[in-house]
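Enquirer: Next comes protein37.cif, mmCIF, C-alpha atoms:
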```cif
data_model
#
loop_
_atom_site.group_PDB
_atom_site.id
_atom_site.type_symbol
_atom_site.label_atom_id
_atom_site.label_comp_id
_atom_site.auth_asym_id
_atom_site.auth_seq_id
_atom_site.Cartn_x
_atom_site.Cartn_y
_atom_site.Cartn_z
ATOM 1 C CA MET D 994 -1.800 15.601 -13.718
ATOM 2 C CA THR D 995 -2.417 12.145 -15.100
ATOM 3 C CA ILE D 996 -3.297 8.964 -13.272
ATOM 4 C CA GLU D 997 -3.140 5.658 -15.132
ATOM 5 C CA ARG D 998 -4.487 2.558 -13.427
ATOM 6 C CA SER D 999 -3.914 -0.907 -14.860
ATOM 7 C CA ASN D 1000 -4.009 -4.610 -14.179
ATOM 8 C CA PRO D 1001 -1.271 -6.508 -16.028
ATOM 9 C CA ASP D 1002 -2.589 -9.563 -17.855
ATOM 10 C CA ARG D 1003 -0.343 -11.945 -15.935
ATOM 11 C CA LEU D 1004 -1.697 -10.890 -12.509
ATOM 12 C CA HIS D 1005 -4.892 -12.085 -10.834
ATOM 13 C CA SER D 1006 -8.146 -10.187 -11.220
ATOM 14 C CA THR D 1007 -9.116 -7.840 -8.392
ATOM 15 C CA PRO D 1008 -12.333 -6.896 -6.582
ATOM 16 C CA GLY D 1009 -12.202 -3.344 -7.931
ATOM 17 C CA TYR D 1010 -8.725 -2.003 -7.222
ATOM 18 C CA HIS D 1011 -5.819 -1.870 -9.694
ATOM 19 C CA HIS D 1012 -2.436 -3.534 -9.263
ATOM 20 C CA VAL D 1013 -0.564 -0.604 -10.801
ATOM 21 C CA THR D 1014 -1.164 3.127 -10.453
ATOM 22 C CA ARG D 1015 1.142 5.377 -12.475
ATOM 23 C CA VAL D 1016 1.056 9.093 -11.653
ATOM 24 C CA GLN D 1017 2.489 12.240 -13.195
ATOM 25 C CA ALA D 1018 1.643 15.090 -10.854
ATOM 26 C CA ASP D 1019 2.815 18.456 -9.619
ATOM 27 C CA THR D 1020 1.600 17.930 -6.061
ATOM 28 C CA LEU D 1021 1.333 14.870 -3.833
ATOM 29 C CA ILE D 1022 -0.914 14.907 -0.776
ATOM 30 C CA TYR D 1023 -0.255 12.534 2.109
ATOM 31 C CA LEU D 1024 -2.994 12.240 4.709
ATOM 32 C CA ALA D 1025 -2.129 11.070 8.188
ATOM 33 C CA GLY D 1026 -3.761 7.751 8.995
ATOM 34 C CA GLN D 1027 -7.405 8.720 9.358
ATOM 35 C CA CYS D 1028 -8.908 7.337 12.551
ATOM 36 C CA PRO D 1029 -12.543 6.959 13.604
ATOM 37 C CA LEU D 1030 -12.412 10.008 15.844
ATOM 38 C CA GLN D 1031 -15.230 12.537 15.774
ATOM 39 C CA PRO D 1032 -14.408 16.281 15.771
ATOM 40 C CA SER D 1033 -14.850 16.170 19.564
ATOM 41 C CA GLY D 1034 -11.971 13.681 19.783
ATOM 42 C CA GLU D 1035 -14.297 10.895 20.898
ATOM 43 C CA LEU D 1036 -14.165 7.486 19.228
ATOM 44 C CA ALA D 1037 -17.140 6.955 16.908
ATOM 45 C CA GLU D 1038 -19.790 4.562 18.160
ATOM 46 C CA GLY D 1039 -21.399 1.744 16.206
ATOM 47 C CA GLY D 1040 -18.615 -0.809 16.109
ATOM 48 C CA LEU D 1041 -16.842 -1.510 12.858
ATOM 49 C CA THR D 1042 -19.624 -0.002 10.713
ATOM 50 C CA GLY D 1043 -19.847 3.223 12.707
ATOM 51 C CA GLN D 1044 -16.095 3.624 12.903
ATOM 52 C CA THR D 1045 -15.691 3.014 9.171
ATOM 53 C CA ALA D 1046 -18.349 5.654 8.458
ATOM 54 C CA GLN D 1047 -16.421 8.161 10.611
ATOM 55 C CA VAL D 1048 -13.146 7.369 8.834
ATOM 56 C CA ILE D 1049 -14.876 7.926 5.472
ATOM 57 C CA SER D 1050 -16.158 11.300 6.674
ATOM 58 C CA ASN D 1051 -12.735 12.273 8.007
ATOM 59 C CA ILE D 1052 -10.995 11.359 4.739
ATOM 60 C CA LEU D 1053 -13.515 13.305 2.664
ATOM 61 C CA THR D 1054 -12.988 16.336 4.923
ATOM 62 C CA ALA D 1055 -9.184 16.096 4.729
ATOM 63 C CA LEU D 1056 -9.194 15.633 0.946
ATOM 64 C CA GLU D 1057 -11.476 18.640 0.501
ATOM 65 C CA ALA D 1058 -9.218 20.763 2.713
ATOM 66 C CA ALA D 1059 -6.292 19.818 0.443
ATOM 67 C CA GLY D 1060 -8.237 20.653 -2.718
ATOM 68 C CA ALA D 1061 -8.561 16.998 -3.699
ATOM 69 C CA THR D 1062 -11.368 14.522 -4.340
ATOM 70 C CA PRO D 1063 -11.609 10.730 -4.066
ATOM 71 C CA GLU D 1064 -10.779 10.564 -7.787
ATOM 72 C CA ASN D 1065 -7.357 12.093 -7.009
ATOM 73 C CA VAL D 1066 -6.405 9.271 -4.634
ATOM 74 C CA VAL D 1067 -3.534 7.128 -5.921
ATOM 75 C CA ARG D 1068 -2.854 4.822 -2.945
ATOM 76 C CA THR D 1069 -4.703 3.558 0.122
ATOM 77 C CA VAL D 1070 -3.761 1.268 2.975
ATOM 78 C CA ILE D 1071 -6.695 0.059 5.073
ATOM 79 C CA TYR D 1072 -6.046 -1.322 8.551
ATOM 80 C CA VAL D 1073 -8.740 -3.320 10.354
ATOM 81 C CA ALA D 1074 -8.185 -4.540 13.910
ATOM 82 C CA SER D 1075 -9.402 -8.057 13.191
ATOM 83 C CA THR D 1076 -8.087 -11.365 11.932
ATOM 84 C CA ASN D 1077 -11.624 -12.293 10.849
ATOM 85 C CA GLN D 1078 -11.754 -12.152 7.033
ATOM 86 C CA PRO D 1079 -15.501 -11.321 6.957
ATOM 87 C CA ASP D 1080 -14.726 -8.165 9.002
ATOM 88 C CA LEU D 1081 -12.172 -7.085 6.411
ATOM 89 C CA ALA D 1082 -14.617 -7.850 3.587
ATOM 90 C CA ALA D 1083 -17.351 -5.847 5.338
ATOM 91 C CA VAL D 1084 -15.079 -2.804 5.593
ATOM 92 C CA TRP D 1085 -14.093 -3.146 1.913
ATOM 93 C CA THR D 1086 -17.763 -3.345 0.915
ATOM 94 C CA GLN D 1087 -18.721 -0.328 3.055
ATOM 95 C CA LEU D 1088 -15.873 1.727 1.587
ATOM 96 C CA ASN D 1089 -16.881 0.828 -1.963
ATOM 97 C CA ASP D 1090 -20.530 1.676 -1.275
ATOM 98 C CA SER D 1091 -19.601 5.142 0.039
ATOM 99 C CA PRO D 1092 -18.916 8.547 -1.567
ATOM 100 C CA LEU D 1093 -15.224 7.697 -1.089
ATOM 101 C CA ALA D 1094 -15.483 4.665 -3.435
ATOM 102 C CA PRO D 1095 -13.400 6.131 -6.316
ATOM 103 C CA ALA D 1096 -10.397 6.178 -3.971
ATOM 104 C CA PHE D 1097 -10.408 2.388 -3.844
ATOM 105 C CA THR D 1098 -10.122 1.803 -7.591
ATOM 106 C CA THR D 1099 -6.436 2.647 -7.263
ATOM 107 C CA ALA D 1100 -3.549 0.732 -5.701
ATOM 108 C CA SER D 1101 -4.996 -0.442 -2.367
ATOM 109 C CA THR D 1102 -3.948 -2.723 0.450
ATOM 110 C CA LEU D 1103 -6.317 -4.169 3.068
ATOM 111 C CA LEU D 1104 -4.753 -5.536 6.251
ATOM 112 C CA GLY D 1105 -6.027 -7.259 9.360
ATOM 113 C CA VAL D 1106 -3.900 -6.138 12.305
ATOM 114 C CA ALA D 1107 -3.685 -7.000 16.003
ATOM 115 C CA GLN D 1108 -4.166 -3.484 17.353
ATOM 116 C CA LEU D 1109 -4.445 0.176 16.365
ATOM 117 C CA GLY D 1110 -3.394 3.322 18.209
ATOM 118 C CA PHE D 1111 -6.496 4.289 20.188
ATOM 119 C CA GLN D 1112 -8.263 2.170 22.798
ATOM 120 C CA GLY D 1113 -11.190 0.492 21.021
ATOM 121 C CA GLN D 1114 -10.133 1.638 17.539
ATOM 122 C CA LEU D 1115 -11.103 -0.850 14.822
ATOM 123 C CA VAL D 1116 -10.168 0.844 11.527
ATOM 124 C CA GLU D 1117 -7.653 3.346 10.105
ATOM 125 C CA ILE D 1118 -6.845 4.334 6.524
ATOM 126 C CA ASP D 1119 -3.726 5.922 4.997
ATOM 127 C CA VAL D 1120 -4.381 7.926 1.839
ATOM 128 C CA THR D 1121 -2.109 9.444 -0.808
ATOM 129 C CA ALA D 1122 -3.547 11.724 -3.489
ATOM 130 C CA ALA D 1123 -2.060 13.548 -6.473
ATOM 131 C CA LEU D 1124 -2.930 16.890 -8.059
#
```
Would you mind writing the file out in structure tokens?
Expert:
Amino acid sequence: MTIERSNPDRLHSTPGYHHVTRVQADTLIYLAGQCPLQPSGELAEGGLTGQTAQVISNILTALEAAGATPENVVRTVIYVASTNQPDLAAVWTQLNDSPLAPAFTTASTLLGVAQLGFQGQLVEIDVTAAL
């Protein structure tokens, strides 16, 4: 498996992600949107920070179960239930300061959205990995 990440010269610089991720792989892994639910099914406490920490934990668990690591991630889509840009920036910073950080050097999209699926849910992340 090979993963090539690049930023074409004629595109703007990025805060850590790459515009283009090219993959040759035998296996693709698609995680369901990872929500801030604890193993008990309860929504994680602690607002945006606590929920983001739970999503990070859930993604790491799911990747491990699939035999993958954050370095195998080739695409992420991050959804934050906020139209406040500092909230989105805070989530991006927390993700990049976590053990999951290598996943966000790849093709990534960060979106502020009106609402997510669970009552009180503030963050969700879709992840694709390649082996």
Enquirer: Give the answer as one residue: which of D:Asp1080, D:Glu1064, D:Glu1035, D:Glu1057 has the shortest atom-to-atom distance to Gln1114 (chain D), using all atoms listed in the file?
Expert: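 Of D:Asp1080, D:Glu1064, D:Glu1035, D:Glu1057, the one nearest Gln1114 (chain D) is D:Glu1035, counting all atoms listed in the file.
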Enquirer: Would you mind listing, for every residue of region 1019-1091 of chain D within 10 Å of region 1009-1013 of chain D, the two atoms forming the shortest contact and the distance between them in Å to one decimal, using all atoms listed in the file, sorted by chain and ascending residue number, as JSON lines?
Expert:
```
{"residue": "D:Val1067", "atom": "CA", "partner": "D:Val1013", "partner_atom": "CA", "distance": 9.6}
{"residue": "D:Arg1068", "atom": "CA", "partner": "D:Val1013", "partner_atom": "CA", "distance": 9.8}
{"residue": "D:Asn1089", "atom": "CA", "partner": "D:Gly1009", "partner_atom": "CA", "distance": 8.7}
```
Enquirer: Would you please work out which residue, of D:Ser1006, D:Thr1042, D:Gln1031, D:Thr1014, is nearest to Val1116 (chain D) when using all atoms listed in the file?
Expert: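 Comparing D:Ser1006, D:Thr1042, D:Gln1031, D:Thr1014 against Val1116 (chain D), the winner is D:Thr1042.
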Enquirer: What is the distance, in Å and to one decimal place, between CA of Gln1078 (chain D) and CA of Ala1025 (chain D)?
Expert: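 Taking CA of Gln1078 (chain D) and CA of Ala1025 (chain D), their separation equals 25.2 Å.
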Enquirer: Selection in question (the file shown): the PyMOL selection byres ((chain D and resi 1108) around 12). Which residues does it include, as a ChimeraX atom specification?
Expert: /D:1072-1076,1104-1107,1109-1117
